[in-house]
Every structure is written in C-alpha cells, then in structure tokens.
>>> print(open('structure10.csv').read())   # CSV, C-alpha atoms
chain,number,residue,atom,x,y,z
A,1,MET,CA,29.0,107.7,15.8
A,2,VAL,CA,26.9,106.9,18.8
A,3,VAL,CA,23.9,106.1,16.5
A,4,GLU,CA,26.2,103.9,14.3
A,5,ALA,CA,27.5,102.0,17.3
A,6,VAL,CA,24.0,101.3,18.6
A,7,THR,CA,22.8,100.4,15.1
A,8,VAL,CA,25.4,97.6,15.0
A,9,MET,CA,24.2,96.2,18.3
A,10,GLU,CA,20.5,96.5,17.2
A,11,PHE,CA,21.3,94.5,14.1
A,12,ASP,CA,23.3,91.9,16.0
A,13,GLY,CA,20.4,90.2,17.8
A,14,SER,CA,22.3,89.2,20.9
A,15,TYR,CA,21.0,92.1,22.9
A,16,ASP,CA,17.6,93.3,24.2
A,17,ALA,CA,17.4,95.8,21.4
A,18,GLY,CA,16.5,95.7,17.7
A,19,ARG,CA,16.5,92.1,16.4
A,20,GLY,CA,17.0,90.8,19.9
A,21,SER,CA,14.2,92.7,21.6
A,22,VAL,CA,12.2,90.6,24.1
A,23,LEU,CA,8.4,90.2,24.0
A,24,ASN,CA,5.9,92.0,26.1
A,25,LEU,CA,3.0,90.4,28.0
A,26,TYR,CA,1.0,90.0,24.8
A,27,GLY,CA,3.8,88.5,22.8
A,28,GLU,CA,4.7,91.7,21.0
A,29,VAL,CA,7.9,93.6,20.5
A,30,GLU,CA,7.9,97.2,21.8
A,31,GLN,CA,11.1,99.2,21.6
A,32,ASP,CA,12.3,102.5,23.0
A,33,ALA,CA,15.3,104.6,22.1
A,34,GLY,CA,16.8,108.0,22.6
A,35,VAL,CA,19.7,110.1,21.3
A,36,MET,CA,21.1,113.4,22.6
A,37,TRP,CA,23.6,116.0,21.1
A,38,GLY,CA,25.5,117.8,23.7
A,39,LYS,CA,26.2,121.0,21.7
A,40,ASP,CA,22.7,122.3,21.9
A,41,LEU,CA,20.9,119.7,24.1
A,42,SER,CA,19.0,118.4,21.0
A,43,VAL,CA,17.1,115.2,21.8
A,44,GLY,CA,15.2,112.7,19.7
A,45,ALA,CA,13.3,109.7,21.1
A,46,VAL,CA,10.7,107.1,20.3
A,47,ALA,CA,8.8,104.6,22.5
A,48,SER,CA,6.5,101.6,22.0
A,49,VAL,CA,7.8,100.9,18.5
A,50,LYS,CA,6.8,97.5,17.1
A,51,HIS,CA,8.1,97.4,13.5
A,52,VAL,CA,11.6,98.9,13.4
A,53,ILE,CA,15.0,97.2,13.7
A,54,ASN,CA,17.1,100.3,14.1
A,55,THR,CA,15.0,102.2,16.6
A,56,ILE,CA,17.9,104.5,17.3
A,57,ARG,CA,17.9,105.8,13.7
A,58,LEU,CA,14.2,106.6,14.1
A,59,ALA,CA,15.0,108.5,17.3
A,60,ARG,CA,17.6,110.5,15.4
A,61,LEU,CA,15.0,111.3,12.7
A,62,VAL,CA,12.8,112.7,15.5
A,63,MET,CA,15.6,114.9,16.6
A,64,GLU,CA,16.7,116.1,13.1
A,65,ARG,CA,13.5,116.1,11.0
A,66,THR,CA,10.7,117.0,13.4
A,67,ASP,CA,10.0,119.7,15.9
A,68,HIS,CA,9.5,117.2,18.7
A,69,VAL,CA,11.5,115.3,21.3
A,70,LEU,CA,9.5,112.1,21.9
A,71,ILE,CA,7.1,110.3,19.6
A,72,THR,CA,5.3,107.1,20.6
A,73,GLY,CA,3.3,104.3,19.2
A,74,ASP,CA,1.4,104.8,16.0
A,75,GLY,CA,3.0,108.2,15.3
A,76,ALA,CA,6.4,106.7,15.5
A,77,GLU,CA,5.4,103.8,13.3
A,78,GLU,CA,4.1,106.2,10.7
A,79,LEU,CA,7.4,108.2,10.8
A,80,ALA,CA,9.3,104.9,10.3
A,81,LYS,CA,7.2,104.1,7.2
A,82,GLN,CA,7.9,107.6,5.7
A,83,PHE,CA,11.6,107.1,6.1
A,84,GLY,CA,11.9,103.5,5.1
A,85,LEU,CA,12.6,102.0,8.5
A,86,TRP,CA,9.4,100.0,9.0
A,87,VAL,CA,9.7,96.2,8.8
A,88,PRO,CA,7.1,93.4,9.3
A,89,SER,CA,6.9,91.7,12.7
A,90,THR,CA,8.5,88.6,11.3
A,91,GLU,CA,11.8,90.5,11.2
A,92,LEU,CA,11.7,90.9,15.0
A,93,ILE,CA,9.8,87.8,16.3
A,94,ASN,CA,11.2,84.4,15.7
A,95,GLU,CA,10.6,80.8,16.9
A,96,ILE,CA,13.1,81.1,19.8
A,97,LYS,CA,11.4,84.2,21.2
A,98,ILE,CA,7.9,82.7,20.8
A,99,ASN,CA,8.9,79.4,22.6
A,100,ARG,CA,10.5,81.4,25.4
A,101,TYR,CA,7.4,83.6,25.7
A,102,LYS,CA,5.1,80.6,25.9
A,103,SER,CA,7.2,78.9,28.5
A,104,LEU,CA,7.3,82.0,30.7
A,105,ILE,CA,3.6,83.0,30.3
A,106,ARG,CA,2.5,79.6,31.5
A,107,ASN,CA,4.3,80.1,34.8
A,108,LEU,CA,3.0,83.6,35.5
A,109,ARG,CA,0.7,83.6,38.5
A,110,SER,CA,-1.0,86.8,37.3
A,111,ARG,CA,-0.8,89.1,34.3
A,112,TYR,CA,-0.3,91.9,36.9
A,113,GLU,CA,2.7,90.2,38.4
A,114,LYS,CA,5.9,92.3,38.6
A,115,ASN,CA,8.5,90.9,36.3
A,116,ALA,CA,11.7,92.8,37.3
A,117,ASP,CA,13.0,89.8,39.2
A,118,LEU,CA,12.3,87.5,36.3
A,119,ALA,CA,14.3,89.8,34.0
A,120,ARG,CA,17.2,89.6,36.5
A,121,LYS,CA,17.1,85.8,36.7
A,122,LEU,CA,17.1,85.5,32.9
A,123,GLY,CA,19.8,88.0,32.4
A,124,LEU,CA,17.6,90.0,30.0
A,125,LEU,CA,18.9,93.5,30.8
A,126,GLY,CA,20.7,93.9,27.5
A,127,THR,CA,19.9,97.5,26.7
A,128,VAL,CA,22.5,98.9,24.4
A,129,GLY,CA,24.1,102.3,24.5
A,130,ALA,CA,27.0,104.5,23.4
A,131,VAL,CA,28.7,107.7,24.4
A,132,ALA,CA,31.3,109.7,22.4
A,133,ILE,CA,33.2,113.0,22.2
A,134,ASP,CA,34.5,114.4,18.9
A,135,ARG,CA,37.6,116.4,18.2
A,136,ASP,CA,35.7,119.6,18.7
A,137,GLY,CA,34.6,118.6,22.1
A,138,ASN,CA,31.0,117.8,21.2
A,139,LEU,CA,29.4,115.1,23.4
A,140,ALA,CA,26.7,112.6,22.4
A,141,ALA,CA,24.8,109.7,23.9
A,142,ALA,CA,22.4,107.1,22.6
A,143,THR,CA,20.4,104.3,24.2
A,144,SER,CA,18.1,101.6,22.7
A,145,THR,CA,16.1,98.7,24.2
A,146,GLY,CA,13.4,96.2,23.8
A,147,GLY,CA,12.4,96.8,27.4
A,148,THR,CA,11.7,94.3,30.2
A,149,ILE,CA,10.4,90.9,29.2
A,150,LEU,CA,6.6,90.4,29.8
A,151,LYS,CA,6.2,94.1,30.4
A,152,TRP,CA,2.7,95.5,30.3
A,153,PRO,CA,1.9,96.7,26.8
A,154,GLY,CA,2.6,100.4,26.4
A,155,ARG,CA,5.1,100.4,29.3
A,156,VAL,CA,7.9,102.9,28.6
A,157,GLY,CA,11.2,102.6,30.4
A,158,ASP,CA,14.2,104.9,30.9
A,159,SER,CA,15.8,104.5,27.5
A,160,PRO,CA,13.8,107.2,25.6
A,161,LEU,CA,13.8,109.6,28.5
A,162,ALA,CA,16.6,112.2,28.6
A,163,GLY,CA,18.1,112.5,32.0
A,164,ALA,CA,17.2,108.9,32.9
A,165,GLY,CA,18.5,106.5,30.2
A,166,TYR,CA,20.9,109.0,28.6
A,167,TRP,CA,22.3,112.5,28.8
A,168,ALA,CA,24.8,114.5,26.8
A,169,GLU,CA,26.0,118.1,27.6
A,170,ASN,CA,29.0,119.8,26.2
A,171,ASN,CA,31.7,120.7,28.8
A,172,VAL,CA,30.1,118.2,31.2
A,173,CYS,CA,29.7,114.6,30.1
A,174,ALA,CA,27.7,112.0,28.1
A,175,VAL,CA,26.0,109.1,29.9
A,176,SER,CA,24.1,106.0,28.8
A,177,ALA,CA,22.2,103.6,31.2
A,178,THR,CA,21.1,100.0,31.3
A,179,GLY,CA,19.1,98.1,33.9
A,180,ILE,CA,15.6,98.2,35.3
A,181,GLY,CA,14.0,101.3,33.8
A,182,GLU,CA,11.6,102.1,36.7
A,183,PHE,CA,14.5,102.4,39.1
A,184,ILE,CA,16.7,104.4,36.7
A,185,ILE,CA,13.8,106.8,36.0
A,186,ARG,CA,13.2,107.3,39.7
A,187,ALA,CA,16.8,108.1,40.3
A,188,MET,CA,17.2,110.2,37.1
A,189,ALA,CA,20.5,108.4,36.9
A,190,SER,CA,22.1,109.9,33.8
A,191,PHE,CA,21.3,113.5,34.8
A,192,ARG,CA,22.5,112.8,38.3
A,193,VAL,CA,25.9,111.8,36.9
A,194,ALA,CA,26.0,115.0,34.9
A,195,THR,CA,25.1,117.1,38.0
A,196,LEU,CA,27.9,115.5,40.0
A,197,VAL,CA,30.4,116.1,37.2
A,198,ARG,CA,29.3,119.7,36.8
A,199,SER,CA,29.9,120.2,40.6
A,200,GLY,CA,33.5,119.0,40.1
A,201,VAL,CA,33.3,115.3,40.8
A,202,ARG,CA,35.5,113.2,38.5
A,203,ILE,CA,33.6,111.1,36.0
A,204,ASN,CA,34.6,107.7,37.4
A,205,ASP,CA,33.6,108.8,40.9
A,206,ALA,CA,30.3,110.2,39.6
A,207,VAL,CA,29.1,107.0,37.9
A,208,ARG,CA,30.2,105.0,41.0
A,209,GLN,CA,28.3,107.3,43.3
A,210,VAL,CA,25.1,107.1,41.3
A,211,VAL,CA,25.2,103.3,41.1
A,212,ASP,CA,25.8,103.2,44.8
A,213,TYR,CA,22.8,105.6,45.3
A,214,VAL,CA,20.5,103.4,43.2
A,215,THR,CA,21.8,100.3,45.0
A,216,LYS,CA,21.1,101.9,48.4
A,217,LEU,CA,17.5,102.8,47.4
A,218,PHE,CA,16.5,99.7,45.4
A,219,GLY,CA,19.0,97.0,46.0
A,220,PRO,CA,21.6,95.4,43.7
A,221,GLY,CA,21.2,94.0,40.2
A,222,ASN,CA,19.4,96.9,38.5
A,223,ILE,CA,21.7,99.5,36.9
A,224,GLY,CA,24.8,100.0,34.8
A,225,LEU,CA,26.3,103.2,33.4
A,226,ILE,CA,28.9,104.1,30.8
A,227,ALA,CA,30.1,107.7,30.5
A,228,ILE,CA,32.7,110.1,29.0
A,229,ASP,CA,33.6,113.6,30.2
A,230,SER,CA,34.6,116.7,28.3
A,231,SER,CA,38.3,115.7,28.6
A,232,GLY,CA,37.7,112.3,27.0
A,233,ASN,CA,37.9,110.4,30.3
A,234,VAL,CA,35.9,107.1,30.1
A,235,ALA,CA,34.1,105.5,33.0
A,236,SER,CA,31.7,102.8,33.9
A,237,ALA,CA,30.0,101.4,36.9
A,238,PHE,CA,27.3,98.7,37.6
A,239,ASN,CA,25.7,96.7,40.4
A,240,THR,CA,25.2,93.5,38.4
A,241,GLU,CA,27.6,90.6,38.2
A,242,VAL,CA,28.8,91.5,34.7
A,243,MET,CA,28.3,94.3,32.2
A,244,GLY,CA,29.7,94.2,28.7
A,245,ARG,CA,31.4,97.4,27.8
A,246,ALA,CA,34.2,98.7,25.5
A,247,TRP,CA,36.0,101.8,24.6
A,248,SER,CA,38.5,103.2,22.0
A,249,ARG,CA,40.1,106.4,20.8
A,250,GLU,CA,41.1,107.7,17.4
A,251,GLY,CA,44.5,106.4,16.6
A,252,MET,CA,44.5,103.6,19.3
A,253,GLY,CA,44.2,100.9,16.7
A,254,LYS,CA,42.4,98.6,19.1
A,255,VAL,CA,39.2,98.4,21.2
A,256,ILE,CA,39.4,97.6,25.0
A,257,VAL,CA,36.6,95.2,26.0
A,258,ALA,CA,35.6,94.4,29.6
A,259,HIS,CA,32.9,92.4,31.3
A,260,LEU,CA,33.7,91.7,34.9
A,261,PRO,CA,34.1,94.5,37.6
A,262,SER,CA,37.8,93.4,37.9
A,263,ASP,CA,38.5,93.8,34.1
A,264,PRO,CA,40.9,96.6,33.3
A,265,PHE,CA,38.8,99.7,32.3
A,266,PRO,CA,39.4,103.4,32.7
>>> encode(input="structure10.csv", output="structure tokens")
Amino acid sequence: MVVEAVTVMEFDGSYDAGRGSVLNLYGEVEQDAGVMWGKDLSVGAVASVKHVINTIRLARLVMERTDHVLITGDGAEELAKQFGLWVPSTELINEIKINRYKSLIRNLRSRYEKNADLARKLGLLGTVGAVAIDRDGNLAAATSTGGTILKWPGRVGDSPLAGAGYWAENNVCAVSATGIGEFIIRAMASFRVATLVRSGVRINDAVRQVVDYVTKLFGPGNIGLIAIDSSGNVASAFNTEVMGRAWSREGMGKVIVAHLPSDPFP
C-alpha cells in the first residue's frame, strides 16, 4: 500500500516526484526512490533515474526481483526497460518545466552555486512518501523524489537511502522524510526516529525531537517527517511553514488531511 500511495502522487504531477520532478543543472530529470519492508528489513532503492514515472515501483522491483539494495543510473534504466517502466523524456519534461529552468539558469551566478535556498524560496520540496501498518503488524515505508532543482547531475539525496529518507522496522516504527536531502542524510533522520522509539519515546515525541535536532544543527525550513508506530499511532513534524499530510485507518470511511502545524493531526 505504501508503494500504491506513492505511485498515485508520482502520477499526479503536482509534487517533486514522478511527472512533477524538477530539472537538474543540465535540464534533465533525475529521480530517486526507496521502499522498505519492516518484517525482514528488506530494502529496494534506485537513484539518478531519468526515464521512469513510477520510480517507487522500480525500487520495489529492486527489492523483490534482484539481490541488491540500491541500483543507480544506467543499471536502473535497464531494469526499468526489462519490466516495462521506461518512458521517453517527453513524458517527464514539459514546456512549463523548460521555461522555469531557463529562467532560473539565467540568474545563476555560477554552476557551482548552492541551490538549497533557491529550492526553499520556490517551495520545491515536494518529495512524496507513505508509511503503513497492516493487520499483522508489519510496517512499511516508501519515499520518492525528483530531488533539488538545479542540482548537480548525479547528485543523490536522502530518498533512496535507508535510515535517511525512510525506515521501517517491525515492532518499532515506519518513517518517511522530505526536505533538503543533504541535511536529512547528515542527521540520519528516519533511523534517528526509530532509535528514539526503540528506547521508549512515543512516536509523536520522537519525530518532534528529530525535527528540532535538525533545526538546531542546520536552521529551519529543511525537514518534514511522517511516521507510524507498531501500535498504529500516527505522527508528523516539520520545520517548514506547511507540509501536506494525511492519514486513515481501515473502517474509518474518511481521510484526515492537514497542511498547517495547527491543523488537527494525531
């Protein structure tokens, strides 16, 4: 279900994942994604993928159909071709993206300029993710992204890295992260949440503590977390102005959606 939830958002085009993926410094799409199954800590991930809409499905194939954890670049592209996920660049790059890219690239002082602040200003931190628990207590997490706009080609963020962009471990919790990948990696944010939960910290306190930790180290505006623990308790925390998030349970008959910090959310 986490793969299916992320797949919907990749198809949507409103987020920085799948159809909506931003362009790198050379005007290309390069996507990263990862998925984790908490029962046996199985992981599948891909990075620097240029011709796939549903990158999370490709990550799942790595987990279930290969002996590997992470496949990048040409190897990931070849795997996508073998399983019918490869699409031409025209499916991912449109006139809107090209015009935005041309406008931004003209204003760059240097091709080596750091662009994290630019991403913040444009609000282009729309990595997508999902966490879930099934009726048997198995936890899962998935994260997918197009990365940071105008990133250096070949740059890999947190989204395909277990422990950074996601983590799932039965009897502990499942976590998915969004934000500036370099900071999330340095904090190993998702695994840090799991470590706190394992030590007895409640899930809502754990995600808040990790976001506060990242904020203290690197400042605000760079991380958001969603999580669920082994009892089905849902939590989220972020240091941005808004973060879209939603949750539901079997039998609820509705989905609870929130954006602002003040919005009702478990």
>>> atom_distance(input="structure10.csv", atom1="atom CA of Gly75 of chain A", atom2="atom CA of Ala162 of chain A")
19.4 Å
>>> atom_distance(input="structure10.csv", atom1="atom CA of Ile133 of chain A", atom2="atom CA of Val156 of chain A")
28.0 Å
>>> atom_distance(input="structure10.csv", atom1="atom CA of Gly157 of chain A", atom2="atom CA of Ile180 of chain A")
7.9 Å
>>> closest_residue(input="structure10.csv", among="A:Ile149, A:Met63, A:Ile226, A:Val87", to="Glu30 of chain A", atoms="only C-alpha atoms")
A:Ile149
>>> closest_residue(input="structure10.csv", among="A:Thr90, A:Val46, A:Ile98, A:Gly129", to="Glu78 of chain A", atoms="all atoms listed in the file")
A:Val46
>>> closest_residue(input="structure10.csv", among="A:Gly200, A:Gly137, A:Gly27, A:Gly232", to="Glu95 of chain A", atoms="all atoms listed in the file")
A:Gly27
>>> closest_residue(input="structure10.csv", among="A:Arg249, A:Arg192, A:Lys39, A:Arg106", to="Val214 of chain A", atoms="only C-alpha atoms")
A:Arg192
>>> residues_near_point(input="structure10.csv", point="(5.4, 104.2, 13.4)", cutoff="12 Å", atoms="only C-alpha atoms", output="PyMOL selection string")
chain A and resi 30-32+46-53+55+58-59+61-62+71-88
>>> residues_around(input="structure10.csv", residues="Pro261 of chain A", least_positions_apart="3", cutoff="12 Å", atoms="all atoms listed in the file", output="ChimeraX atom specification")
/A:208,224,235-245,257-258,264-266
>>> residues_near_point(input="structure10.csv", point="(2.6, 94.6, 29.3)", cutoff="10 Å", atoms="only C-alpha atoms", output="PyMOL selection string")
chain A and resi 23-28+30+111-112+115+148-156
>>> residues_around(input="structure10.csv", residues="segment 181-187 of chain A", least_positions_apart="6", cutoff="12 Å", atoms="all atoms listed in the file", output="NGL selection string")
:A and (32 or 114-116 or 119 or 125-127 or 143-149 or 151 or 155-166 or 193 or 209-225)
>>> residues_around(input="structure10.csv", residues="Val3 of chain A", least_positions_apart="4", cutoff="8 Å", atoms="all atoms listed in the file", output="ChimeraX atom specification")
/A:7,35,56-57,60,130,142
>>> decode(input="structure10.csv", residues="segment 206-233 of chain A", atoms="N, CA, C and O atoms", output="tab-separated table (two decimals), in the first residue's frame")
chain	number	residue	atom	x	y	z
A	206	ALA	N	9.09	11.51	19.28
A	206	ALA	CA	10.30	11.15	18.54
A	206	ALA	C	10.46	11.98	17.28
A	206	ALA	O	11.56	12.50	17.00
A	207	VAL	N	9.40	12.12	16.49
A	207	VAL	CA	9.52	12.90	15.25
A	207	VAL	C	9.77	14.38	15.57
A	207	VAL	O	10.54	15.06	14.88
A	208	ARG	N	9.15	14.87	16.64
A	208	ARG	CA	9.36	16.26	17.03
A	208	ARG	C	10.80	16.49	17.47
A	208	ARG	O	11.43	17.49	17.10
A	209	GLN	N	11.34	15.55	18.24
A	209	GLN	CA	12.73	15.69	18.72
A	209	GLN	C	13.71	15.68	17.56
A	209	GLN	O	14.70	16.44	17.56
A	210	VAL	N	13.47	14.84	16.54
A	210	VAL	CA	14.38	14.78	15.40
A	210	VAL	C	14.29	16.04	14.57
A	210	VAL	O	15.31	16.59	14.13
A	211	VAL	N	13.10	16.55	14.34
A	211	VAL	CA	12.96	17.81	13.61
A	211	VAL	C	13.64	18.94	14.37
A	211	VAL	O	14.35	19.78	13.77
A	212	ASP	N	13.48	18.99	15.68
A	212	ASP	CA	14.15	20.02	16.48
A	212	ASP	C	15.67	19.87	16.42
A	212	ASP	O	16.40	20.87	16.40
A	213	TYR	N	16.14	18.63	16.38
A	213	TYR	CA	17.57	18.36	16.28
A	213	TYR	C	18.13	18.90	14.96
A	213	TYR	O	19.17	19.57	14.93
A	214	VAL	N	17.42	18.62	13.87
A	214	VAL	CA	17.86	19.10	12.56
A	214	VAL	C	17.81	20.63	12.50
A	214	VAL	O	18.71	21.28	11.97
A	215	THR	N	16.77	21.20	13.08
A	215	THR	CA	16.64	22.66	13.10
A	215	THR	C	17.78	23.30	13.86
A	215	THR	O	18.34	24.33	13.45
A	216	LYS	N	18.14	22.71	15.00
A	216	LYS	CA	19.24	23.23	15.80
A	216	LYS	C	20.56	23.19	15.03
A	216	LYS	O	21.37	24.12	15.10
A	217	LEU	N	20.77	22.12	14.27
A	217	LEU	CA	22.03	21.96	13.53
A	217	LEU	C	22.08	22.83	12.28
A	217	LEU	O	23.12	23.44	11.99
A	218	PHE	N	20.98	22.86	11.54
A	218	PHE	CA	21.03	23.43	10.19
A	218	PHE	C	20.05	24.57	9.94
A	218	PHE	O	19.98	25.10	8.83
A	219	GLY	N	19.27	24.94	10.95
A	219	GLY	CA	18.30	26.01	10.77
A	219	GLY	C	16.95	25.47	10.32
A	219	GLY	O	16.78	24.28	10.08
A	220	PRO	N	15.96	26.36	10.17
A	220	PRO	CA	14.61	25.94	9.81
A	220	PRO	C	14.44	25.75	8.31
A	220	PRO	O	15.31	26.10	7.51
A	221	GLY	N	13.28	25.20	7.93
A	221	GLY	CA	12.89	25.12	6.53
A	221	GLY	C	13.53	24.01	5.75
A	221	GLY	O	13.72	24.15	4.53
A	222	ASN	N	13.83	22.87	6.37
A	222	ASN	CA	14.57	21.84	5.64
A	222	ASN	C	14.15	20.40	5.92
A	222	ASN	O	14.76	19.48	5.36
A	223	ILE	N	13.12	20.14	6.74
A	223	ILE	CA	12.76	18.76	7.01
A	223	ILE	C	11.31	18.62	7.43
A	223	ILE	O	10.74	19.50	8.08
A	224	GLY	N	10.71	17.52	7.00
A	224	GLY	CA	9.40	17.10	7.46
A	224	GLY	C	9.39	15.59	7.58
A	224	GLY	O	10.04	14.90	6.80
A	225	LEU	N	8.68	15.07	8.56
A	225	LEU	CA	8.62	13.63	8.81
A	225	LEU	C	7.19	13.18	9.01
A	225	LEU	O	6.39	13.88	9.64
A	226	ILE	N	6.86	12.02	8.46
A	226	ILE	CA	5.63	11.32	8.83
A	226	ILE	C	6.04	9.96	9.37
A	226	ILE	O	7.07	9.40	8.96
A	227	ALA	N	5.26	9.43	10.31
A	227	ALA	CA	5.64	8.17	10.94
A	227	ALA	C	4.43	7.45	11.51
A	227	ALA	O	3.40	8.07	11.79
A	228	ILE	N	4.59	6.15	11.71
A	228	ILE	CA	3.58	5.33	12.37
A	228	ILE	C	4.31	4.29	13.20
A	228	ILE	O	5.35	3.77	12.77
A	229	ASP	N	3.82	4.02	14.41
A	229	ASP	CA	4.50	3.04	15.25
A	229	ASP	C	3.80	1.69	15.20
A	229	ASP	O	2.81	1.51	14.48
A	230	SER	N	4.31	0.74	15.96
A	230	SER	CA	3.81	-0.64	15.89
A	230	SER	C	2.41	-0.80	16.48
A	230	SER	O	1.79	-1.86	16.31
A	231	SER	N	1.92	0.23	17.17
A	231	SER	CA	0.55	0.21	17.70
A	231	SER	C	-0.42	0.96	16.78
A	231	SER	O	-1.61	1.08	17.10
A	232	GLY	N	0.10	1.49	15.67
A	232	GLY	CA	-0.75	2.22	14.73
A	232	GLY	C	-0.90	3.69	15.04
A	232	GLY	O	-1.73	4.37	14.41
A	233	ASN	N	-0.12	4.20	15.98
A	233	ASN	CA	-0.16	5.64	16.27
A	233	ASN	C	0.53	6.42	15.16
A	233	ASN	O	1.65	6.07	14.77
